[in-house]
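These notes are about the structure you will find just below.
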Amino acid sequence: MLIGVDVGTGSARAGVFDETGKLLGVGKHPVTIWHEPGEIVEQSSEQIWQAVCAAVREAMATSGVAPGAIRGIGFDATCSLVVIGPGGRGVPVGPSEDPARNVIVWMDHRAQAEAEEINAGGHAVLDYVGGRISPEMETPKLLWLARHRPAAFAEAPHFFDLSDYLTWRATGRLARSSCTVTCKWTYLAHEARWDADYFRATGLGALADEGFRRIGTEVVTPGTSLGKLTPVAAAELGLPAGVTVAASLIDAHAGGLGTLGVRIPGEAPDATRRLAYSFGTSACSMASTQGPTPVPGVWGPYYDAMLPGLWLNEGGQSAAGAALDHLVPLHRAAAALAQEAASLGRSLIAHVAEHAALLAPSLSETIRVARDVVVVPEFLGNRSPFAEPDARAVISGLGLDRGIDSLAALYLAGLSGIGYGLRQLLDRFAEKGIAISTIVASGGAAQSPLSCQMLADSTGITVALPDAPEPVLLGAAMLGAVACGVHGDANGAMSAMSGSAQVFRPATGDIARLHSARFAAFTALQGAARDLRASLRGN
């Protein structure tokens with residue numbers, strides 16, 4: 001038996017699996033998130049760890065599995081920065097001065113100015129983040145800390161990516177995953193080194209002078225055994241101390257590991273032809289290649305960051321499910337419909353989506369309901385392929401309509417807009433010779449036939465939705481399976497545990513032509529917004 005742990009933006013979840021990938025029990029516990037002016041978003045690492053412990057205990061209780069049957073545990077988490085002080089206590093990272101608030105969350109954009117400054121330097125490591133570093137990555141955030149909170153920066157003996165913090169809490173080992181430090185910290189995994197010149201040139205020379213001991217001197221492949229749970233961690237989790245702990249993954253990458261091996265009739269599971277698409281609060285799109293393939297505006301190429309021995313290009317958007325959550329309440333009928341949804345035991349989004357799916361003879365036909373409404377849902381910038389964190393949403397075609405049909409039209413326009421953003425990324429991949437035949441979807445926002453069909457239709461690419469109910473947790477459990485030897489390697493774990501998938505083929509004919517026209521409108525609105533930003537800032 002195996003455990004997978006996933007720490008998302010709002011909760012910690014755990015799943016108990018057997019060696020075939022069957023889910024036996026799930027637990028979930030909320031995590032507090034603090035928002036402050038200046039795009040500050042913070043969390044507490046101690047609270048996150050306690051939420052993990054509660055989720056694991058709940059998953060074990062619901063599974064009926066005896067603790068002694070657990071062989072391995074794997075962790076994944078958001079790519080948030082954890083700042084640890086002497087003795088393992090938290091260090092305050094913002095104006096609250098609260099030492100419990102020691103996590104700068106991935107979506108925190110306080111370091112945008114630092115990111116722009118780094119990008120202006122033309123550093124060699126930027127070739128491995130798509131040419132431009134993001135304020136969501138860790139070195140801009142570290143630079144912000146060094147400048148704005150120098151005492152906190154100097155005091156902290158450890159800076160962790162969140163998933164590496166979890167394995168440290170579990171084992172006491174300071175080893176970092178090649179996934180986290182390569183994707184978010186500029187570690188050059190293909191050369192097994194940090195670039196000291198980069199850190200010195202960007203104002204973070206103190207880390208280089210120390211031999212990088214505060215950000216990681218031991219880097220290992222995801223799924224590597226980090227040893228056993230410590231007695232303290234075992235007691236907190238309610239597990240035996242003999243459970244093996246695996247080197248971690250970022251949450252979206254765990255979704256990739258848990259989905260790319262799914263069985264699709266008539267299709268070989270070739271990871272280099274499949275796009276792992278994690279559609280949750282944000283969207284992460286991950287393409288694997290045999291060799292390094294730089295794609296402008298797309299993070300990577302990263303070596304050994306998700307699947308062993310392969311290179312990874314990572315695109316996506318900072319707001320995807322979160323964009324829909326923000327878009328729908330903007331409608332004038334949203335408040336009344338939210339009350340109606342609550343009376344039926346549903347969220348507003350679920351209520352509107354269920355209604356939208358019934359407005360046409362087929363899921364593909366629902367796009368006609370959107371009529372002239374076109375949404376560019378870049379409420380939190382464009383992560384890829386344009387790397388424009390200052391981009392913002394554009395909505396065209398709104399009228400004075402009331403009622404749920406009108407709100408459904410806005411929802412469908414937003415959902416198709418997410419698909420058109422993915423289409424732009426797939427086009428950029430194709431230009432560089434990365435040919436994707438299937439999008440394998442995971443994440444909470446993908447768990448509906450309407451979402452998957454709209455993604456297929458708006459991109460023109462087949463979408464597969466794994467039958468596994470918790471693919472991200474499954475990916476984390478696969479790490480545990482490899483670490484403890486239940487399966488020999490990642491490929492073996494994927495083959496044995498991934499299961500099958502539901503397939504959504506893209507529409508053809510009139511619907512395909514309609515999406516092409518809407519995609520052109522989407523692109524025009526996006527470009528017009530870019531020009532307007534430039535014009536307004538020039539005056």
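How things are named: the first chain in the structure tokens is A, the next is B, and so on; residues count from 1 in each chain; ligands count from 1 in the order shown.
All residues of stretch 115-262 of chain A that DSSP, run on the backbone, classes as strand (DSSP E) are His158, Phe159, Phe160, Asp161, Arg176, Ser177, Val219, Val220, Ser225, Leu226, Gly227, Lys228, Thr244, Val245, Ala246, Leu249 and Ile250 of chain A.
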Show which residues sit within 12 Å of A:Arg402, as a tab-separated table (two decimals) with N, CA, C and O atoms, in the first residue's frame. Count only C-alpha atoms, and ignore same-chain residues fewer than 5 positions away.
chain	number	residue	atom	x	y	z
A	331	HIS	N	-21.12	38.73	-13.61
A	331	HIS	CA	-22.40	38.86	-14.28
A	331	HIS	C	-23.45	39.43	-13.32
A	331	HIS	O	-23.46	39.10	-12.13
A	332	ARG	N	-24.36	40.25	-13.83
A	332	ARG	CA	-25.33	40.93	-12.99
A	332	ARG	C	-26.30	39.96	-12.30
A	332	ARG	O	-26.88	40.28	-11.27
A	333	ALA	N	-26.47	38.76	-12.88
A	333	ALA	CA	-27.39	37.78	-12.28
A	333	ALA	C	-26.69	36.82	-11.33
A	333	ALA	O	-27.34	35.93	-10.76
A	334	ALA	N	-25.40	36.99	-11.14
A	334	ALA	CA	-24.64	35.99	-10.39
A	334	ALA	C	-25.11	35.84	-8.95
A	334	ALA	O	-25.22	34.72	-8.43
A	335	ALA	N	-25.38	36.96	-8.27
A	335	ALA	CA	-25.74	36.88	-6.86
A	335	ALA	C	-27.03	36.08	-6.65
A	335	ALA	O	-27.10	35.20	-5.79
A	336	ALA	N	-28.03	36.36	-7.46
A	336	ALA	CA	-29.30	35.64	-7.33
A	336	ALA	C	-29.13	34.17	-7.68
A	336	ALA	O	-29.68	33.29	-7.00
A	337	LEU	N	-28.35	33.89	-8.71
A	337	LEU	CA	-28.15	32.51	-9.13
A	337	LEU	C	-27.28	31.74	-8.13
A	337	LEU	O	-27.42	30.52	-7.99
A	407	LEU	N	-25.65	34.07	-18.35
A	407	LEU	CA	-24.47	33.73	-17.56
A	407	LEU	C	-23.78	32.49	-18.13
A	407	LEU	O	-22.54	32.42	-18.16
A	408	ALA	N	-24.57	31.54	-18.62
A	408	ALA	CA	-23.97	30.35	-19.24
A	408	ALA	C	-23.17	30.73	-20.48
A	408	ALA	O	-22.11	30.15	-20.75
A	409	ALA	N	-23.67	31.71	-21.24
A	409	ALA	CA	-22.94	32.17	-22.43
A	409	ALA	C	-21.59	32.76	-22.04
A	409	ALA	O	-20.57	32.50	-22.69
A	410	LEU	N	-21.58	33.55	-20.95
A	410	LEU	CA	-20.32	34.13	-20.48
A	410	LEU	C	-19.37	33.04	-20.02
A	410	LEU	O	-18.16	33.07	-20.32
Exercise for the section: Write out as a list in words which residues come within 7 Å of A:Met286 when counting only C-alpha atoms, dropping same-chain ones fewer than 6 positions away. Expected result: Leu275, Ala276, Tyr277, Leu312, Asn313, Glu314 and Gly315 of chain A
Write a file of the just-selected residues containing N, CA, C and O atoms, as an mmCIF file, in the first residue's frame.
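See selection_29.cif below for the written result:
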data_model
loop_
_atom_site.group_PDB
_atom_site.id
_atom_site.type_symbol
_atom_site.label_atom_id
_atom_site.label_comp_id
_atom_site.auth_asym_id
_atom_site.auth_seq_id
_atom_site.Cartn_x
_atom_site.Cartn_y
_atom_site.Cartn_z
ATOM 1 N N LEU A 275 0.529 15.690 -24.158
ATOM 2 C CA LEU A 275 0.669 16.871 -23.324
ATOM 3 C C LEU A 275 -0.029 16.613 -21.998
ATOM 4 O O LEU A 275 -1.221 16.296 -21.970
ATOM 5 N N ALA A 276 0.696 16.728 -20.898
ATOM 6 C CA ALA A 276 0.077 16.659 -19.574
ATOM 7 C C ALA A 276 -0.489 18.034 -19.259
ATOM 8 O O ALA A 276 0.249 19.020 -19.190
ATOM 9 N N TYR A 277 -1.808 18.096 -19.078
ATOM 10 C CA TYR A 277 -2.489 19.378 -18.886
ATOM 11 C C TYR A 277 -3.203 19.361 -17.546
ATOM 12 O O TYR A 277 -4.185 18.657 -17.361
ATOM 13 N N LEU A 312 11.747 18.691 -20.416
ATOM 14 C CA LEU A 312 10.383 19.165 -20.202
ATOM 15 C C LEU A 312 10.259 20.623 -20.595
ATOM 16 O O LEU A 312 11.093 21.450 -20.208
ATOM 17 N N ASN A 313 9.211 20.933 -21.371
ATOM 18 C CA ASN A 313 8.810 22.312 -21.624
ATOM 19 C C ASN A 313 7.479 22.539 -20.926
ATOM 20 O O ASN A 313 6.536 21.753 -21.094
ATOM 21 N N GLU A 314 7.404 23.604 -20.166
ATOM 22 C CA GLU A 314 6.250 23.833 -19.305
ATOM 23 C C GLU A 314 5.618 25.193 -19.597
ATOM 24 O O GLU A 314 6.234 26.240 -19.422
ATOM 25 N N GLY A 315 4.383 25.149 -20.070
ATOM 26 C CA GLY A 315 3.619 26.365 -20.287
ATOM 27 C C GLY A 315 2.402 26.380 -19.386
ATOM 28 O O GLY A 315 2.266 25.588 -18.464
#
Completion exercise
From the list A:Ala481, A:Ile40, A:Ala353, A:Ala528, the nearest residue to A:Lys141 using only C-alpha atoms is A:Ile40
Residues within 6 Å of stretch 381-398 of chain A, please, as a PDB file with N, CA, C and O atoms, in the first residue's frame. Count only C-alpha atoms; anything in the same chain fewer than 4 positions from it doesn't count.
ATOM      1  N   GLY A 297       9.113  31.956 -24.699  1.00  0.00           N
ATOM      2  CA  GLY A 297       7.924  32.239 -23.921  1.00  0.00           C
ATOM      3  C   GLY A 297       7.412  31.058 -23.124  1.00  0.00           C
ATOM      4  O   GLY A 297       6.396  31.183 -22.435  1.00  0.00           O
ATOM      5  N   VAL A 298       8.104  29.922 -23.212  1.00  0.00           N
ATOM      6  CA  VAL A 298       7.684  28.714 -22.493  1.00  0.00           C
ATOM      7  C   VAL A 298       8.819  28.298 -21.571  1.00  0.00           C
ATOM      8  O   VAL A 298       9.984  28.251 -21.974  1.00  0.00           O
ATOM      9  N   GLY A 315       4.383  25.149 -20.070  1.00  0.00           N
ATOM     10  CA  GLY A 315       3.619  26.365 -20.287  1.00  0.00           C
ATOM     11  C   GLY A 315       2.402  26.380 -19.386  1.00  0.00           C
ATOM     12  O   GLY A 315       2.266  25.588 -18.464  1.00  0.00           O
ATOM     13  N   GLY A 316       1.487  27.300 -19.679  1.00  0.00           N
ATOM     14  CA  GLY A 316       0.258  27.358 -18.902  1.00  0.00           C
ATOM     15  C   GLY A 316      -0.132  28.775 -18.579  1.00  0.00           C
ATOM     16  O   GLY A 316       0.435  29.739 -19.116  1.00  0.00           O
ATOM     17  N   GLN A 317      -1.125  28.919 -17.689  1.00  0.00           N
ATOM     18  CA  GLN A 317      -1.609  30.231 -17.298  1.00  0.00           C
ATOM     19  C   GLN A 317      -1.735  30.313 -15.780  1.00  0.00           C
ATOM     20  O   GLN A 317      -2.100  29.333 -15.119  1.00  0.00           O
ATOM     21  N   ASP A 372     -21.681  36.177 -29.629  1.00  0.00           N
ATOM     22  CA  ASP A 372     -20.584  37.101 -29.938  1.00  0.00           C
ATOM     23  C   ASP A 372     -19.693  37.381 -28.734  1.00  0.00           C
ATOM     24  O   ASP A 372     -18.797  38.229 -28.818  1.00  0.00           O
ATOM     25  N   VAL A 373     -19.933  36.711 -27.628  1.00  0.00           N
ATOM     26  CA  VAL A 373     -19.122  36.974 -26.430  1.00  0.00           C
ATOM     27  C   VAL A 373     -17.782  36.244 -26.566  1.00  0.00           C
ATOM     28  O   VAL A 373     -17.737  35.032 -26.780  1.00  0.00           O
ATOM     29  N   VAL A 374     -16.703  37.010 -26.456  1.00  0.00           N
ATOM     30  CA  VAL A 374     -15.349  36.460 -26.522  1.00  0.00           C
ATOM     31  C   VAL A 374     -14.595  36.941 -25.283  1.00  0.00           C
ATOM     32  O   VAL A 374     -14.641  38.129 -24.950  1.00  0.00           O
ATOM     33  N   VAL A 375     -13.924  36.015 -24.602  1.00  0.00           N
ATOM     34  CA  VAL A 375     -13.203  36.344 -23.372  1.00  0.00           C
ATOM     35  C   VAL A 375     -11.735  35.952 -23.519  1.00  0.00           C
ATOM     36  O   VAL A 375     -11.430  34.812 -23.894  1.00  0.00           O
ATOM     37  N   VAL A 376     -10.859  36.891 -23.223  1.00  0.00           N
ATOM     38  CA  VAL A 376      -9.438  36.603 -23.056  1.00  0.00           C
ATOM     39  C   VAL A 376      -9.205  36.590 -21.545  1.00  0.00           C
ATOM     40  O   VAL A 376      -9.085  37.647 -20.919  1.00  0.00           O
ATOM     41  N   PRO A 377      -9.181  35.416 -20.905  1.00  0.00           N
ATOM     42  CA  PRO A 377      -9.269  35.340 -19.443  1.00  0.00           C
ATOM     43  C   PRO A 377      -7.934  35.515 -18.719  1.00  0.00           C
ATOM     44  O   PRO A 377      -7.593  34.753 -17.821  1.00  0.00           O
ATOM     45  N   LEU A 425      -0.343  28.008 -27.286  1.00  0.00           N
ATOM     46  CA  LEU A 425       0.830  27.287 -26.805  1.00  0.00           C
ATOM     47  C   LEU A 425       1.137  26.083 -27.687  1.00  0.00           C
ATOM     48  O   LEU A 425       2.304  25.839 -28.046  1.00  0.00           O
TER      49      LEU A 425
END
Exercise for the section: Once DSSP has gone over the backbone, tell me which residues of stretch 270-448 of chain A are in alpha helix (DSSP H), as a PyMOL selection string. Expected result: chain A and resi 321-327+334-343+348-356+403-431
Dump as a PDB file, in the first residue's frame, selection limited to C-alpha atoms:
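Contents of part_1.pdb, as written:
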ATOM      1  CA  GLY A 321     -10.064  27.681 -12.934  1.00  0.00           C
ATOM      2  CA  ALA A 322      -9.439  30.839 -10.905  1.00  0.00           C
ATOM      3  CA  ALA A 323     -10.222  32.894 -14.026  1.00  0.00           C
ATOM      4  CA  LEU A 324     -13.615  31.214 -14.367  1.00  0.00           C
ATOM      5  CA  ASP A 325     -14.232  31.679 -10.637  1.00  0.00           C
ATOM      6  CA  HIS A 326     -13.559  35.394 -11.108  1.00  0.00           C
ATOM      7  CA  LEU A 327     -15.403  35.774 -14.403  1.00  0.00           C
ATOM      8  CA  ALA A 334     -24.641  35.990 -10.391  1.00  0.00           C
ATOM      9  CA  ALA A 335     -25.742  36.878  -6.864  1.00  0.00           C
ATOM     10  CA  ALA A 336     -29.299  35.643  -7.327  1.00  0.00           C
ATOM     11  CA  LEU A 337     -28.148  32.511  -9.130  1.00  0.00           C
ATOM     12  CA  ALA A 338     -25.598  31.782  -6.399  1.00  0.00           C
ATOM     13  CA  GLN A 339     -28.472  31.597  -3.901  1.00  0.00           C
ATOM     14  CA  GLU A 340     -30.365  29.285  -6.242  1.00  0.00           C
ATOM     15  CA  ALA A 341     -27.277  27.079  -6.606  1.00  0.00           C
ATOM     16  CA  ALA A 342     -26.764  26.969  -2.832  1.00  0.00           C
ATOM     17  CA  SER A 343     -30.350  25.794  -2.338  1.00  0.00           C
ATOM     18  CA  LEU A 348     -22.356  28.814  -8.651  1.00  0.00           C
ATOM     19  CA  ILE A 349     -19.777  27.561 -11.177  1.00  0.00           C
ATOM     20  CA  ALA A 350     -21.109  23.987 -11.052  1.00  0.00           C
ATOM     21  CA  HIS A 351     -24.688  25.254 -11.367  1.00  0.00           C
ATOM     22  CA  VAL A 352     -23.919  27.371 -14.419  1.00  0.00           C
ATOM     23  CA  ALA A 353     -21.790  24.668 -16.062  1.00  0.00           C
ATOM     24  CA  GLU A 354     -24.517  22.059 -15.611  1.00  0.00           C
ATOM     25  CA  HIS A 355     -27.054  24.420 -17.170  1.00  0.00           C
ATOM     26  CA  ALA A 356     -24.720  25.306 -20.054  1.00  0.00           C
ATOM     27  CA  GLY A 403     -30.739  35.190 -16.331  1.00  0.00           C
ATOM     28  CA  ILE A 404     -28.863  31.946 -16.311  1.00  0.00           C
ATOM     29  CA  ASP A 405     -28.770  31.545 -20.106  1.00  0.00           C
ATOM     30  CA  SER A 406     -26.796  34.780 -20.376  1.00  0.00           C
ATOM     31  CA  LEU A 407     -24.468  33.734 -17.563  1.00  0.00           C
ATOM     32  CA  ALA A 408     -23.975  30.352 -19.238  1.00  0.00           C
ATOM     33  CA  ALA A 409     -22.943  32.166 -22.433  1.00  0.00           C
ATOM     34  CA  LEU A 410     -20.319  34.133 -20.482  1.00  0.00           C
ATOM     35  CA  TYR A 411     -19.085  30.933 -18.851  1.00  0.00           C
ATOM     36  CA  LEU A 412     -18.774  29.140 -22.195  1.00  0.00           C
ATOM     37  CA  ALA A 413     -16.894  32.117 -23.653  1.00  0.00           C
ATOM     38  CA  GLY A 414     -14.484  31.983 -20.721  1.00  0.00           C
ATOM     39  CA  LEU A 415     -14.029  28.218 -20.982  1.00  0.00           C
ATOM     40  CA  SER A 416     -13.329  28.423 -24.718  1.00  0.00           C
ATOM     41  CA  GLY A 417     -10.933  31.323 -24.032  1.00  0.00           C
ATOM     42  CA  ILE A 418      -8.868  29.048 -21.819  1.00  0.00           C
ATOM     43  CA  GLY A 419      -8.806  26.577 -24.711  1.00  0.00           C
ATOM     44  CA  TYR A 420      -7.687  29.247 -27.173  1.00  0.00           C
ATOM     45  CA  GLY A 421      -4.810  30.191 -24.879  1.00  0.00           C
ATOM     46  CA  LEU A 422      -3.801  26.519 -24.860  1.00  0.00           C
ATOM     47  CA  ARG A 423      -4.113  26.472 -28.662  1.00  0.00           C
ATOM     48  CA  GLN A 424      -1.591  29.311 -28.901  1.00  0.00           C
ATOM     49  CA  LEU A 425       0.830  27.287 -26.805  1.00  0.00           C
ATOM     50  CA  LEU A 426       0.321  24.151 -28.926  1.00  0.00           C
ATOM     51  CA  ASP A 427       0.969  26.209 -32.065  1.00  0.00           C
ATOM     52  CA  ARG A 428       4.232  27.452 -30.554  1.00  0.00           C
ATOM     53  CA  PHE A 429       5.206  23.869 -29.703  1.00  0.00           C
ATOM     54  CA  ALA A 430       4.415  22.734 -33.254  1.00  0.00           C
ATOM     55  CA  GLU A 431       6.632  25.471 -34.690  1.00  0.00           C
TER      56      GLU A 431
END
What are the closest atom pairs, with distances in Å to one decimal, for each residue of stretch 192-295 of chain A lying within 12 Å of stretch 444-458 of chain A, using only C-alpha atoms, rows by chain and rising residue number, as CSV?
residue,atom,partner,partner_atom,distance
A:Ala252,CA,A:Gly444,CA,11.7
A:Gly255,CA,A:Gly444,CA,11.2
A:Tyr277,CA,A:Ala446,CA,9.1
A:Ser278,CA,A:Ala446,CA,7.9
A:Phe279,CA,A:Ala445,CA,5.4
A:Gly280,CA,A:Ala445,CA,5.1
A:Thr281,CA,A:Ala445,CA,7.7
A:Ser282,CA,A:Ala445,CA,9.4
A:Ala283,CA,A:Ala445,CA,9.4
How would the residues just picked look written out with C-alpha atoms as a compact mmCIF listing (two decimals), in the first residue's frame?
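Okay, part-v4.txt is ready:
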# COMPACT_ATOMS: atom_id res chain seq x y z
CA ALA A 252 1.21 19.84 -11.71
CA GLY A 255 -0.44 15.17 -12.31
CA TYR A 277 -2.49 19.38 -18.89
CA SER A 278 -3.27 20.23 -15.27
CA PHE A 279 -6.43 22.35 -15.22
CA GLY A 280 -7.03 23.63 -11.71
CA THR A 281 -6.71 27.06 -10.10
CA SER A 282 -3.98 27.64 -12.67
CA ALA A 283 -3.22 25.68 -15.83
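If you measure from each of A:Ser437, A:Ala66, A:Leu465, A:Lys184 to A:Glu138 using only C-alpha atoms, the closest one turns out to be A:Lys184.
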Handout entry: Closest of A:Pro301, A:Pro294, A:Gly27, A:Gly85 to A:Ala100 - atom-to-atom distances counting only C-alpha atoms
Key = A:Gly85
Exercise for the section: Using only C-alpha atoms, determine which residues lie at most 12 Å from A:Ala69, disregarding the query and same-chain residues fewer than 6 positions distant; provide the list as JSON, numbers by chain. Expected result: {"A": [1, 2, 3, 16, 17, 18, 19, 60, 63, 239, 240, 242, 243, 244]}
Dump C-alpha atoms for the selected residues as a PDB file, in the first residue's frame?
ATOM      1  CA  MET A   1       0.000   0.000   0.000  1.00  0.00           C
ATOM      2  CA  LEU A   2       1.131   3.549  -0.829  1.00  0.00           C
ATOM      3  CA  ILE A   3       0.240   7.113   0.103  1.00  0.00           C
ATOM      4  CA  VAL A  16      -4.152   5.648  -0.051  1.00  0.00           C
ATOM      5  CA  PHE A  17      -3.529   3.417  -3.090  1.00  0.00           C
ATOM      6  CA  ASP A  18      -2.648  -0.175  -3.765  1.00  0.00           C
ATOM      7  CA  GLU A  19       0.145  -1.149  -6.145  1.00  0.00           C
ATOM      8  CA  MET A  60      -6.002   6.080   6.357  1.00  0.00           C
ATOM      9  CA  SER A  63      -9.276   3.364   3.530  1.00  0.00           C
ATOM     10  CA  LEU A 239       2.196   5.926  10.241  1.00  0.00           C
ATOM     11  CA  PRO A 240       5.044   3.553  11.117  1.00  0.00           C
ATOM     12  CA  GLY A 242       9.584   2.407   8.536  1.00  0.00           C
ATOM     13  CA  VAL A 243       7.664   4.020   5.648  1.00  0.00           C
ATOM     14  CA  THR A 244       9.961   5.090   2.776  1.00  0.00           C
TER      15      THR A 244
END
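Using only C-alpha atoms for every distance, the candidate list A:Val472, A:Ala370, A:Val482, A:Ala247 yields A:Val482 as the residue closest to A:Arg71.
For the set A:Leu226, A:Ala54, A:Ile250, A:Val5, the residue with the smallest atom-to-atom gap to A:Gly172 is A:Leu226, counting only C-alpha atoms.
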Handout entry: Contacts of A:Ala477 at 10 Å (only C-alpha atoms; same-chain gap of 6+ positions) as an MDAnalysis selection string
Key = chainID A and resid 1:6 14:19 21 72:76 223 246 254 257:258 471 483 493 497
Do a neighbour search on A:Tyr302 at 9 Å with only C-alpha atoms, toss out local chain neighbours closer than 4 positions, and write the hits as a compact mmCIF listing (two decimals) with C-alpha atoms, in the first residue's frame.
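So the final result, stored in out-v6.txt, reads:
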# COMPACT_ATOMS: atom_id res chain seq x y z
CA TYR A 128 16.31 27.33 -19.68
CA VAL A 129 13.22 29.28 -18.56
CA CYS A 179 11.93 18.97 -10.42
CA THR A 182 15.30 23.03 -12.03
CA CYS A 183 11.85 24.39 -12.80
CA LEU A 188 20.95 23.35 -14.37
CA ALA A 189 20.10 19.67 -13.91
CA HIS A 190 21.63 18.64 -17.24
CA PRO A 292 16.44 20.01 -25.30
CA MET A 306 9.15 15.15 -14.44
CA LEU A 310 13.51 13.39 -20.63
CA TRP A 311 13.44 17.14 -21.13
CA LEU A 312 10.38 19.17 -20.20
CA ASN A 313 8.81 22.31 -21.62
CA GLU A 314 6.25 23.83 -19.30
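Here atom CA of A:Ser535 stands at a distance of 21.2 Å from atom CA of A:Ala120.
One distance worth recording is that between atom CA of A:Ile434 and atom CA of A:Tyr187, which is 23.7 Å.
Each of A:Ala490, A:Ile439, A:Leu174, A:Val463 was compared to A:Gly475 using only C-alpha atoms, and A:Ala490 turns out to be the nearest.
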Handout entry: Separation of atom CA of A:Thr9 from atom CA of A:Ser318, in Å and rounded to one decimal
Key = 12.1 Å
